[in-house]
$ cat structure.cif   # mmCIF, C-alpha atoms and all ligand atoms
data_run
#
loop_
_atom_site.label_atom_id
_atom_site.label_comp_id
_atom_site.auth_asym_id
_atom_site.auth_seq_id
_atom_site.Cartn_x
_atom_site.Cartn_y
_atom_site.Cartn_z
CA MET A 1288 -14.98 18.13 -10.17
CA ILE A 1289 -12.41 17.35 -7.48
CA THR A 1290 -9.59 14.85 -8.09
CA ALA A 1291 -7.26 13.34 -5.47
CA LYS A 1292 -4.21 11.09 -5.80
CA GLY A 1293 -3.75 8.04 -3.60
CA ARG A 1294 -0.21 6.61 -3.53
CA ALA A 1295 1.06 3.04 -3.35
CA LYS A 1296 3.21 1.92 -0.40
CA VAL A 1297 5.96 -0.54 0.30
CA ASN A 1298 6.68 -2.24 3.62
CA LEU A 1299 10.40 -2.06 4.42
CA CYS A 1300 9.87 -4.20 7.48
CA LEU A 1301 6.78 -6.18 8.52
CA ARG A 1302 7.02 -8.17 11.75
CA VAL A 1303 4.10 -10.32 12.88
CA ILE A 1304 3.87 -10.23 16.67
CA GLY A 1305 0.93 -12.58 17.19
CA LYS A 1306 -2.71 -13.34 16.53
CA ARG A 1307 -5.33 -11.26 18.33
CA ALA A 1308 -8.71 -12.24 19.74
CA ASP A 1309 -10.46 -10.26 16.94
CA GLY A 1310 -8.83 -12.44 14.26
CA TYR A 1311 -6.34 -9.78 13.11
CA HIS A 1312 -2.60 -10.04 13.66
CA GLU A 1313 -0.65 -7.59 15.78
CA ILE A 1314 2.10 -6.22 13.56
CA LEU A 1315 5.02 -3.81 13.54
CA SER A 1316 5.83 -2.31 10.16
CA VAL A 1317 7.82 0.48 8.54
CA MET A 1318 5.69 1.71 5.63
CA GLN A 1319 6.72 4.14 2.91
CA SER A 1320 4.67 5.94 0.23
CA VAL A 1321 6.03 5.69 -3.29
CA ASP A 1322 5.32 7.76 -6.35
CA LEU A 1323 2.93 5.41 -8.09
CA PHE A 1324 -0.66 6.50 -7.72
CA ASP A 1325 -4.33 6.03 -8.55
CA THR A 1326 -6.68 8.99 -8.86
CA VAL A 1327 -10.25 9.34 -7.61
CA SER A 1328 -12.45 12.08 -9.14
CA LEU A 1329 -15.74 13.17 -7.59
CA ASP A 1330 -18.21 15.15 -9.67
CA PRO A 1331 -21.43 16.38 -8.00
CA LEU A 1332 -24.66 15.21 -9.70
CA GLN A 1333 -28.18 16.69 -9.58
CA GLU A 1334 -30.12 16.17 -6.33
CA GLY A 1335 -32.19 12.99 -6.51
CA GLU A 1336 -29.69 11.15 -8.73
CA GLN A 1337 -27.80 8.04 -7.53
CA ASP A 1338 -24.01 7.82 -7.16
CA SER A 1339 -22.38 6.34 -10.27
CA PHE A 1340 -19.05 4.49 -10.28
CA GLU A 1341 -16.62 4.11 -13.15
CA ILE A 1342 -13.31 2.28 -12.79
CA LEU A 1343 -10.64 2.76 -15.45
CA LEU A 1344 -7.71 0.32 -15.43
CA SER A 1345 -4.45 1.53 -16.96
CA ARG A 1346 -2.41 -0.91 -18.99
CA ALA A 1347 -0.04 -1.25 -16.02
CA VAL A 1348 -2.81 -2.95 -14.06
CA ALA A 1349 -3.19 -6.58 -14.90
CA GLY A 1350 -5.76 -8.08 -12.66
CA PRO A 1351 -9.33 -8.78 -11.80
CA MET A 1352 -11.62 -5.76 -11.71
CA PRO A 1353 -12.32 -4.90 -8.06
CA ASN A 1354 -15.83 -6.01 -7.10
CA PRO A 1355 -18.16 -3.27 -6.00
CA PRO A 1356 -18.66 -2.26 -3.26
CA ASP A 1357 -14.93 -1.62 -3.28
CA LEU A 1358 -12.99 0.43 -0.77
CA THR A 1359 -13.76 3.71 -2.58
CA GLU A 1360 -17.48 3.18 -2.11
CA ARG A 1361 -16.99 2.21 1.53
CA ALA A 1362 -14.86 5.33 2.11
CA LEU A 1363 -17.63 7.59 0.76
CA GLU A 1364 -20.24 5.80 2.91
CA ALA A 1365 -18.07 6.25 6.02
CA PHE A 1366 -17.48 9.94 5.20
CA ARG A 1367 -21.23 10.59 4.82
CA ARG A 1368 -22.01 8.72 8.05
CA HIS A 1369 -19.33 10.27 10.28
CA ILE A 1370 -18.13 13.56 8.79
CA ALA A 1371 -20.64 15.34 6.54
CA PRO A 1372 -23.43 14.67 4.04
CA LEU A 1373 -22.42 14.72 0.38
CA GLY A 1374 -24.83 15.09 -2.51
CA PRO A 1375 -24.96 12.38 -5.18
CA LEU A 1376 -21.64 11.93 -6.96
CA ALA A 1377 -20.21 10.59 -10.21
CA VAL A 1378 -17.11 8.73 -9.02
CA LYS A 1379 -14.27 7.87 -11.38
CA VAL A 1380 -11.31 5.77 -10.19
CA ALA A 1381 -8.29 5.60 -12.50
CA LYS A 1382 -6.11 2.69 -11.42
CA ASN A 1383 -2.37 2.48 -12.07
CA ILE A 1384 -1.39 0.60 -8.91
CA PRO A 1385 -1.33 -3.16 -9.56
CA ILE A 1386 -4.22 -4.95 -7.83
CA GLY A 1387 -3.67 -7.74 -5.27
CA ALA A 1388 0.03 -6.92 -5.26
CA GLY A 1389 0.71 -5.79 -1.66
CA LEU A 1390 1.12 -2.17 -2.75
CA GLY A 1391 -1.99 -0.89 -0.97
CA GLY A 1392 -3.87 0.12 -4.14
CA GLY A 1393 -7.35 -0.39 -2.65
CA SER A 1394 -6.34 1.57 0.46
CA ALA A 1395 -4.89 4.34 -1.75
CA ASP A 1396 -8.25 4.63 -3.53
CA ALA A 1397 -10.13 4.83 -0.22
CA ALA A 1398 -7.70 7.49 1.05
CA ALA A 1399 -8.02 9.54 -2.13
CA ALA A 1400 -11.83 9.27 -1.91
CA LEU A 1401 -11.78 10.56 1.71
CA VAL A 1402 -9.52 13.49 0.82
CA ALA A 1403 -11.59 14.39 -2.26
CA ALA A 1404 -14.88 14.07 -0.31
CA ASN A 1405 -13.51 16.35 2.41
CA GLU A 1406 -12.62 18.98 -0.21
CA ILE A 1407 -16.13 18.80 -1.73
CA ALA A 1408 -17.68 19.19 1.73
CA GLY A 1409 -15.61 22.32 2.50
CA ALA A 1410 -12.84 20.64 4.57
CA PRO A 1411 -14.79 19.83 7.77
CA ALA A 1412 -12.22 17.16 8.84
CA THR A 1413 -8.48 17.33 9.46
CA LEU A 1414 -6.15 14.83 7.78
CA ALA A 1415 -5.71 13.12 11.17
CA GLU A 1416 -9.52 12.73 11.46
CA LEU A 1417 -9.72 11.28 7.94
CA ALA A 1418 -6.92 8.85 8.84
CA ALA A 1419 -8.80 7.76 11.98
CA LEU A 1420 -11.96 7.21 9.92
CA GLY A 1421 -9.87 5.21 7.44
CA ALA A 1422 -9.18 2.54 10.08
CA GLU A 1423 -12.86 1.52 9.75
CA ILE A 1424 -12.35 0.82 6.07
CA GLY A 1425 -9.10 -1.17 6.18
CA SER A 1426 -5.95 -1.57 8.27
CA ASP A 1427 -3.74 0.25 5.73
CA VAL A 1428 -6.11 3.15 4.96
CA PRO A 1429 -4.85 5.47 7.78
CA PHE A 1430 -1.34 5.13 6.36
CA ALA A 1431 -2.61 5.76 2.84
CA VAL A 1432 -4.23 9.02 4.03
CA LEU A 1433 -1.13 10.35 5.82
CA GLY A 1434 1.70 8.72 3.86
CA GLY A 1435 5.42 9.46 4.00
CA THR A 1436 7.51 7.01 6.02
CA LEU A 1437 5.84 5.87 9.24
CA LEU A 1438 6.03 3.11 11.84
CA ALA A 1439 2.74 1.19 11.99
CA THR A 1440 1.60 -0.90 14.96
CA GLY A 1441 -1.64 -2.53 16.13
CA ARG A 1442 -3.19 -4.12 13.03
CA GLY A 1443 -1.31 -1.50 10.99
CA GLU A 1444 -3.58 1.44 11.78
CA GLN A 1445 -1.62 3.06 14.63
CA LEU A 1446 1.03 5.34 13.16
CA GLN A 1447 4.11 7.11 14.44
CA ASP A 1448 6.64 9.36 12.72
CA ILE A 1449 10.13 8.00 12.16
CA ALA A 1450 13.15 9.72 10.66
CA SER A 1451 13.82 8.97 7.00
CA PRO A 1452 15.81 11.89 5.59
CA SER A 1453 16.79 10.39 2.22
CA ILE A 1454 14.78 9.73 -0.91
CA LEU A 1455 14.82 5.98 -1.55
CA TRP A 1456 14.62 4.41 -5.01
CA TRP A 1457 12.77 1.16 -5.52
CA VAL A 1458 12.21 -1.34 -8.30
CA LEU A 1459 8.78 -2.90 -7.88
CA GLY A 1460 8.69 -6.35 -9.48
CA VAL A 1461 5.07 -7.33 -10.02
CA PRO A 1462 4.36 -11.02 -10.83
CA ASP A 1463 1.51 -12.20 -13.05
CA PHE A 1464 -0.43 -13.56 -10.05
CA HIS A 1465 -2.15 -12.04 -7.03
CA LEU A 1466 -2.22 -12.95 -3.38
CA VAL A 1467 -5.16 -12.40 -1.03
CA THR A 1468 -4.14 -10.71 2.26
CA LYS A 1469 -6.42 -12.92 4.35
CA ASP A 1470 -4.97 -16.15 2.85
CA VAL A 1471 -1.39 -15.04 3.52
CA PHE A 1472 -2.12 -14.02 7.14
CA GLU A 1473 -3.95 -17.33 7.72
CA LYS A 1474 -0.79 -19.27 6.88
CA VAL A 1475 1.48 -17.30 9.24
CA VAL A 1476 3.20 -19.41 11.87
CA PRO A 1477 3.41 -17.34 15.10
CA PRO A 1478 7.04 -16.52 15.98
CA HIS A 1479 8.82 -18.84 18.43
CA GLU A 1480 11.34 -16.20 19.41
CA GLU A 1481 10.45 -13.30 21.69
CA ALA A 1482 8.09 -10.81 20.03
CA PRO A 1483 10.03 -8.10 18.21
CA SER A 1484 9.74 -4.63 19.72
CA SER A 1485 11.23 -2.67 16.82
CA CYS A 1486 12.34 -2.86 13.21
CA GLU A 1487 16.13 -2.80 13.23
CA LEU A 1488 16.28 -0.85 9.98
CA THR A 1489 14.86 2.31 11.59
CA GLU A 1490 18.42 3.09 12.72
CA PRO A 1491 20.18 3.08 9.27
CA LEU A 1492 17.00 4.62 7.79
CA GLY A 1493 17.37 7.58 10.17
CA ARG A 1494 20.98 8.03 9.02
CA GLY A 1495 20.08 7.76 5.34
CA ALA A 1496 22.34 4.68 5.04
CA VAL A 1497 20.67 2.91 2.10
CA ALA A 1498 22.96 -0.16 2.04
CA GLY A 1499 22.32 -0.65 5.77
CA VAL A 1500 18.56 -0.45 5.19
CA GLY A 1501 18.84 -2.91 2.29
CA ALA A 1502 20.54 -5.51 4.48
CA LEU A 1503 17.77 -5.29 7.11
CA LEU A 1504 14.65 -5.38 4.91
CA ARG A 1505 12.39 -8.06 6.39
CA ASN A 1506 8.83 -9.30 6.00
CA ASP A 1507 7.50 -12.08 8.24
CA LEU A 1508 4.69 -12.76 5.73
CA GLU A 1509 7.21 -13.98 3.13
CA ALA A 1510 7.33 -17.52 4.53
CA SER A 1511 3.58 -18.03 4.18
CA ALA A 1512 3.41 -16.27 0.79
CA PHE A 1513 6.30 -18.44 -0.49
CA ARG A 1514 4.42 -21.53 0.73
CA LEU A 1515 1.40 -20.44 -1.34
CA ARG A 1516 3.59 -19.49 -4.34
CA PRO A 1517 7.06 -21.12 -4.29
CA ASP A 1518 7.98 -19.26 -7.49
CA LEU A 1519 7.80 -15.98 -5.53
CA HIS A 1520 10.91 -17.02 -3.59
CA ARG A 1521 12.78 -17.37 -6.89
CA MET A 1522 11.56 -13.91 -7.91
CA LYS A 1523 13.04 -12.44 -4.72
CA GLU A 1524 16.34 -14.16 -5.56
CA ALA A 1525 16.13 -12.68 -9.07
CA MET A 1526 15.67 -9.14 -7.65
CA LEU A 1527 18.80 -9.66 -5.53
CA ALA A 1528 20.71 -11.16 -8.46
CA ALA A 1529 19.76 -8.09 -10.53
CA GLY A 1530 22.00 -6.10 -8.16
CA SER A 1531 19.55 -4.45 -5.74
CA ALA A 1532 20.87 -3.40 -2.31
CA GLY A 1533 18.17 -5.61 -0.76
CA ALA A 1534 14.83 -7.13 -1.68
CA VAL A 1535 11.64 -7.81 0.24
CA MET A 1536 8.06 -8.80 -0.46
CA SER A 1537 5.72 -5.82 0.04
CA GLY A 1538 2.78 -6.34 2.43
CA SER A 1539 1.06 -9.65 1.81
CA GLY A 1540 2.55 -9.86 -1.71
CA SER A 1541 2.84 -10.47 -4.53
CA THR A 1542 5.21 -7.55 -5.33
CA ILE A 1543 8.92 -7.93 -4.64
CA ALA A 1544 10.48 -4.53 -3.89
CA GLY A 1545 14.19 -4.08 -4.63
CA LEU A 1546 15.96 -1.20 -2.88
CA CYS A 1547 18.45 0.80 -4.98
CA ILE A 1548 20.99 3.50 -4.23
CA SER A 1549 20.01 5.95 -7.00
CA LYS A 1550 17.63 6.40 -9.91
CA ASP A 1551 20.31 5.19 -12.36
CA HIS A 1552 20.97 2.12 -10.24
CA ALA A 1553 17.22 1.42 -10.12
CA GLU A 1554 16.97 1.66 -13.94
CA GLU A 1555 19.84 -0.87 -14.23
CA VAL A 1556 18.29 -3.26 -11.71
CA ALA A 1557 14.90 -2.92 -13.43
CA SER A 1558 16.31 -3.86 -16.82
CA SER A 1559 17.89 -7.04 -15.40
CA ALA A 1560 14.88 -7.95 -13.23
CA ARG A 1561 12.36 -7.33 -16.03
CA LEU A 1562 12.57 -10.92 -17.34
CA SER A 1563 11.51 -12.37 -13.99
CA PHE A 1564 8.32 -10.34 -13.53
CA GLN A 1565 5.27 -9.47 -15.53
CA ARG A 1566 5.95 -5.78 -14.96
CA VAL A 1567 8.55 -3.62 -13.21
CA HIS A 1568 8.14 -0.04 -11.98
CA VAL A 1569 10.97 2.29 -10.93
CA VAL A 1570 9.64 4.56 -8.17
CA SER A 1571 10.98 6.94 -5.54
CA SER A 1572 9.73 7.39 -2.00
CA ALA A 1573 7.17 10.17 -1.55
CA PRO A 1574 6.46 12.42 1.45
CA LEU A 1575 2.66 12.26 1.22
CA GLY A 1576 -0.11 9.67 0.85
CA ALA A 1577 -3.32 11.16 -0.54
CA GLU A 1578 -3.54 14.73 -1.84
CA ILE A 1579 -5.78 16.92 -3.98
CA VAL A 1580 -4.62 17.31 -7.56
CA ALA A 1581 -4.73 20.96 -8.68
CA ASP A 1582 -6.88 21.55 -11.81
O1 LIG A 1601 -7.85 -4.66 7.35
P1 LIG A 1601 -8.02 -5.35 6.05
O2 LIG A 1601 -9.47 -5.46 5.64
O3 LIG A 1601 -7.17 -4.77 4.98
O4 LIG A 1601 -7.49 -6.84 6.24
C1 LIG A 1601 -7.79 -7.89 5.36
C2 LIG A 1601 -7.59 -9.22 6.07
O5 LIG A 1601 -6.19 -9.43 6.32
C3 LIG A 1601 -8.24 -9.31 7.44
O6 LIG A 1601 -9.56 -9.77 7.32
C4 LIG A 1601 -7.36 -10.31 8.16
O7 LIG A 1601 -7.70 -11.63 7.79
C5 LIG A 1601 -5.98 -10.05 7.61
N1 LIG A 1601 -5.18 -9.15 8.45
C6 LIG A 1601 -4.63 -9.65 9.63
N2 LIG A 1601 -3.87 -8.82 10.42
C7 LIG A 1601 -3.63 -7.54 10.04
C8 LIG A 1601 -4.17 -7.02 8.85
C9 LIG A 1601 -4.94 -7.86 8.07
O8 LIG A 1601 -4.81 -10.83 9.99
N3 LIG A 1601 -2.85 -6.76 10.83
#
$ encode --input "structure.cif" --output "structure tokens" --more "lines below"
Ligand code: C5P
Amino acid sequence: MITAKGRAKVNLCLRVIGKRADGYHEILSVMQSVDLFDTVSLDPLQEGEQDSFEILLSRAVAGPMPNPPDLTERALEAFRRHIAPLGPLAVKVAKNIPIGAGLGGGSADAAAALVAANEIAGAPATLAELAALGAEIGSDVPFAVLGGTLLATGRGEQLQDIASPSILWWVLGVPDFHLVTKDVFEKVVPPHEEAPSSCELTEPLGRGAVAGVGALLRNDLEASAFRLRPDLHRMKEAMLAAGSAGAVMSGSGSTIAGLCISKDHAEEVASSARLSFQRVHVVSSAPLGAEIVAD
């Protein structure tokens, strides 16, 4: 049996540049992996058997069960079609990343499935090739394969390295409701100002200046998410009032991420913010997205 981890992400900055002819939005985003992960295990079955899927939800995951075919299944299909055949598999997904929360849990599962499938097949593809294949599955899957701290452009699938020398500490405040990415993007009002060409926080991020990063956290999807759920705005205020160095909605929501200057600071912020959310997680940034878990 081969098991891979797929990590959650936060968006430190998400700028919406405009709507494209294909229905997606052109974006600019700084994305960061955090140490909260799902695992995907693949166990070869006898020839002639059918794939089986089992999804285990940890207690941290409040939410609707993902409907098959979920992103894990699509990732395995894409791997078989484009990289290498795989025999029938028993697939087990253990979910810890909250669902429908803007933390990229579905993409993390797809990324972990690609990395695990590649290991089973004898590593025919590079990580960069798996990331490119991931773009077929979802806009955030390439990031979930590579991970770390990257600048994403296009619909989120084109990735570039950026400097981020420090470990960042986050409090993830997860509400008791979910937001659907498509619904949030549909409510975006295109910017009136000139299209942004960068995320300003890349400069303090490169210097490891956490307070400077905190002041420049920004997500253009907040306005439409707050229109769908006005209480989410109050939750962002609560994360700031809890003493974080800055707070921002992650992805298309519903998580509010509070940036902290140390682990101790994050524990303090989490204990104050706890009352405003269904669940809080204290997490650090991580240098990788998906990776094989040693036996
Ligand atoms: O790529 P993914 O399947 O994750 O996207 C889900 C939905 O979110 C898309 O169908 C689209 O409506 C919206 N979306 C968008 N612009 C992006 C990414 C997603 O409009 N850059």
$ closest_residue --input "structure.cif" --among "A:Glu1416, A:Glu1406, A:Glu1481, A:Asp1470" --to "Arg1516 of chain A" --atoms "only C-alpha atoms"
A:Asp1470
$ residues_near_point --input "structure.cif" --point "(-8.0, 5.4, 7.8)" --cutoff "9 Å" --atoms "all atoms listed in the file" --output "PyMOL selection string"
chain A and resi 1362+1394+1397-1398+1401+1415-1433+1444
$ closest_atom_pairs --input "structure.cif" --of "chain A" --to "ligand LIG 1601 (chain A)" --cutoff "6 Å" --atoms "only C-alpha atoms and all ligand atoms" --output "CSV"
residue,atom,partner,partner_atom,distance
A:Tyr1311,CA,A:LIG1601,O8,3.6
A:His1312,CA,A:LIG1601,N2,3.7
A:Glu1313,CA,A:LIG1601,N3,5.5
A:Ile1314,CA,A:LIG1601,N3,5.7
A:Gly1425,CA,A:LIG1601,O1,3.9
A:Ser1426,CA,A:LIG1601,O1,3.7
A:Arg1442,CA,A:LIG1601,N3,3.5
A:Gly1443,CA,A:LIG1601,N3,5.5
A:Thr1468,CA,A:LIG1601,O5,4.7
A:Lys1469,CA,A:LIG1601,O7,3.9
A:Phe1472,CA,A:LIG1601,O8,5.1
$ atom_distance --input "structure.cif" --atom1 "atom CA of Gly1335 of chain A" --atom2 "atom CA of Leu1373 of chain A"
12.1 Å
$ residues_around --input "structure.cif" --residues "segment 1436-1440 of chain A" --least-positions-apart "2" --cutoff "10 Å" --atoms "all atoms listed in the file" --output "ChimeraX atom specification"
/A:1296-1304,1313-1321,1426-1427,1429-1430,1433-1434,1442-1452,1485-1486,1489,1492,1572-1576
$ write_last_selection --input "structure.cif" --atoms "C-alpha atoms" --output "PDB file, keeping the file's coordinate frame"
ATOM      1  CA  LYS A1296       3.210   1.920  -0.400  1.00  0.00           C
ATOM      2  CA  VAL A1297       5.960  -0.540   0.300  1.00  0.00           C
ATOM      3  CA  ASN A1298       6.680  -2.240   3.620  1.00  0.00           C
ATOM      4  CA  LEU A1299      10.400  -2.060   4.420  1.00  0.00           C
ATOM      5  CA  CYS A1300       9.870  -4.200   7.480  1.00  0.00           C
ATOM      6  CA  LEU A1301       6.780  -6.180   8.520  1.00  0.00           C
ATOM      7  CA  ARG A1302       7.020  -8.170  11.750  1.00  0.00           C
ATOM      8  CA  VAL A1303       4.100 -10.320  12.880  1.00  0.00           C
ATOM      9  CA  ILE A1304       3.870 -10.230  16.670  1.00  0.00           C
ATOM     10  CA  GLU A1313      -0.650  -7.590  15.780  1.00  0.00           C
ATOM     11  CA  ILE A1314       2.100  -6.220  13.560  1.00  0.00           C
ATOM     12  CA  LEU A1315       5.020  -3.810  13.540  1.00  0.00           C
ATOM     13  CA  SER A1316       5.830  -2.310  10.160  1.00  0.00           C
ATOM     14  CA  VAL A1317       7.820   0.480   8.540  1.00  0.00           C
ATOM     15  CA  MET A1318       5.690   1.710   5.630  1.00  0.00           C
ATOM     16  CA  GLN A1319       6.720   4.140   2.910  1.00  0.00           C
ATOM     17  CA  SER A1320       4.670   5.940   0.230  1.00  0.00           C
ATOM     18  CA  VAL A1321       6.030   5.690  -3.290  1.00  0.00           C
ATOM     19  CA  SER A1426      -5.950  -1.570   8.270  1.00  0.00           C
ATOM     20  CA  ASP A1427      -3.740   0.250   5.730  1.00  0.00           C
ATOM     21  CA  PRO A1429      -4.850   5.470   7.780  1.00  0.00           C
ATOM     22  CA  PHE A1430      -1.340   5.130   6.360  1.00  0.00           C
ATOM     23  CA  LEU A1433      -1.130  10.350   5.820  1.00  0.00           C
ATOM     24  CA  GLY A1434       1.700   8.720   3.860  1.00  0.00           C
ATOM     25  CA  ARG A1442      -3.190  -4.120  13.030  1.00  0.00           C
ATOM     26  CA  GLY A1443      -1.310  -1.500  10.990  1.00  0.00           C
ATOM     27  CA  GLU A1444      -3.580   1.440  11.780  1.00  0.00           C
ATOM     28  CA  GLN A1445      -1.620   3.060  14.630  1.00  0.00           C
ATOM     29  CA  LEU A1446       1.030   5.340  13.160  1.00  0.00           C
ATOM     30  CA  GLN A1447       4.110   7.110  14.440  1.00  0.00           C
ATOM     31  CA  ASP A1448       6.640   9.360  12.720  1.00  0.00           C
ATOM     32  CA  ILE A1449      10.130   8.000  12.160  1.00  0.00           C
ATOM     33  CA  ALA A1450      13.150   9.720  10.660  1.00  0.00           C
ATOM     34  CA  SER A1451      13.820   8.970   7.000  1.00  0.00           C
ATOM     35  CA  PRO A1452      15.810  11.890   5.590  1.00  0.00           C
ATOM     36  CA  SER A1485      11.230  -2.670  16.820  1.00  0.00           C
ATOM     37  CA  CYS A1486      12.340  -2.860  13.210  1.00  0.00           C
ATOM     38  CA  THR A1489      14.860   2.310  11.590  1.00  0.00           C
ATOM     39  CA  LEU A1492      17.000   4.620   7.790  1.00  0.00           C
ATOM     40  CA  SER A1572       9.730   7.390  -2.000  1.00  0.00           C
ATOM     41  CA  ALA A1573       7.170  10.170  -1.550  1.00  0.00           C
ATOM     42  CA  PRO A1574       6.460  12.420   1.450  1.00  0.00           C
ATOM     43  CA  LEU A1575       2.660  12.260   1.220  1.00  0.00           C
ATOM     44  CA  GLY A1576      -0.110   9.670   0.850  1.00  0.00           C
TER      45      GLY A1576
END
$ atom_distance --input "structure.cif" --atom1 "atom CA of Leu1455 of chain A" --atom2 "atom CA of Ser1571 of chain A"
5.6 Å
$ residues_around --input "structure.cif" --residues "Leu1488 of chain A" --least-positions-apart "6" --cutoff "8 Å" --atoms "all atoms listed in the file" --output "ChimeraX atom specification"
/A:1300,1499-1500,1503-1504
$ residues_near_point --input "structure.cif" --point "(-1.4, 8.4, -2.6)" --cutoff "7 Å" --atoms "only C-alpha atoms" --output "PyMOL selection string"
chain A and resi 1292-1295+1324+1395+1399+1431+1575-1578
$ write_last_selection --input "structure.cif" --atoms "C-alpha atoms" --output "compact mmCIF listing (two decimals), in the frame of the given file"
# COMPACT_ATOMS: atom_id res chain seq x y z
CA LYS A 1292 -4.21 11.09 -5.80
CA GLY A 1293 -3.75 8.04 -3.60
CA ARG A 1294 -0.21 6.61 -3.53
CA ALA A 1295 1.06 3.04 -3.35
CA PHE A 1324 -0.66 6.50 -7.72
CA ALA A 1395 -4.89 4.34 -1.75
CA ALA A 1399 -8.02 9.54 -2.13
CA ALA A 1431 -2.61 5.76 2.84
CA LEU A 1575 2.66 12.26 1.22
CA GLY A 1576 -0.11 9.67 0.85
CA ALA A 1577 -3.32 11.16 -0.54
CA GLU A 1578 -3.54 14.73 -1.84
$ atom_distance --input "structure.cif" --atom1 "atom CA of Leu1515 of chain A" --atom2 "atom CA of Ala1528 of chain A"
22.6 Å
$ residues_around --input "structure.cif" --residues "Leu1459 of chain A" --least-positions-apart "6" --cutoff "8 Å" --atoms "only C-alpha atoms" --output "list in words"
Thr1542, Ile1543, Ala1544, Gly1545, Val1567, His1568, Val1569 and Val1570 of chain A
$ closest_residue --input "structure.cif" --among "A:Leu1332, A:Ala1388, A:Leu1527, A:Ala1498" --to "His1465 of chain A" --atoms "all atoms listed in the file"
A:Ala1388
$ residues_around --input "structure.cif" --residues "segment 1546-1563 of chain A" --least-positions-apart "3" --cutoff "8 Å" --atoms "all atoms listed in the file" --output "JSON, numbers by chain"
{"A": [1455, 1456, 1457, 1458, 1460, 1462, 1497, 1498, 1501, 1522, 1525, 1526, 1529, 1530, 1531, 1532, 1533, 1534, 1566, 1567, 1568, 1569, 1571]}
$ write_last_selection --input "structure.cif" --atoms "C-alpha atoms" --output "compact mmCIF listing (two decimals), in the frame of the given file"
# COMPACT_ATOMS: atom_id res chain seq x y z
CA LEU A 1455 14.82 5.98 -1.55
CA TRP A 1456 14.62 4.41 -5.01
CA TRP A 1457 12.77 1.16 -5.52
CA VAL A 1458 12.21 -1.34 -8.30
CA GLY A 1460 8.69 -6.35 -9.48
CA PRO A 1462 4.36 -11.02 -10.83
CA VAL A 1497 20.67 2.91 2.10
CA ALA A 1498 22.96 -0.16 2.04
CA GLY A 1501 18.84 -2.91 2.29
CA MET A 1522 11.56 -13.91 -7.91
CA ALA A 1525 16.13 -12.68 -9.07
CA MET A 1526 15.67 -9.14 -7.65
CA ALA A 1529 19.76 -8.09 -10.53
CA GLY A 1530 22.00 -6.10 -8.16
CA SER A 1531 19.55 -4.45 -5.74
CA ALA A 1532 20.87 -3.40 -2.31
CA GLY A 1533 18.17 -5.61 -0.76
CA ALA A 1534 14.83 -7.13 -1.68
CA ARG A 1566 5.95 -5.78 -14.96
CA VAL A 1567 8.55 -3.62 -13.21
CA HIS A 1568 8.14 -0.04 -11.98
CA VAL A 1569 10.97 2.29 -10.93
CA SER A 1571 10.98 6.94 -5.54
$ closest_residue --input "structure.cif" --among "A:Ala1410, A:Thr1359, A:Leu1344, A:Asp1396" --to "Lys1382 of chain A" --atoms "all atoms listed in the file"
A:Leu1344
$ closest_residue --input "structure.cif" --among "A:Val1461, A:Ala1581, A:Leu1363, A:Met1288" --to "Gly1389 of chain A" --atoms "all atoms listed in the file"
A:Val1461
$ closest_residue --input "structure.cif" --among "A:Ala1510, A:Lys1474, A:Pro1375, A:Ala1400" --to "Arg1361 of chain A" --atoms "all atoms listed in the file"
A:Ala1400
$ closest_residue --input "structure.cif" --among "A:Lys1306, A:Arg1494, A:Lys1379, A:His1369" --to "Leu1343 of chain A" --atoms "all atoms listed in the file"
A:Lys1379
$ residues_around --input "structure.cif" --residues "Ala1408 of chain A" --least-positions-apart "5" --cutoff "9 Å" --atoms "only C-alpha atoms" --output "PDB file with C-alpha atoms, in the coordinates of the input"
ATOM      1  CA  ALA A1371     -20.640  15.340   6.540  1.00  0.00           C
ATOM      2  CA  PRO A1372     -23.430  14.670   4.040  1.00  0.00           C
ATOM      3  CA  LEU A1373     -22.420  14.720   0.380  1.00  0.00           C
ATOM      4  CA  ALA A1403     -11.590  14.390  -2.260  1.00  0.00           C
TER       5      ALA A1403
END
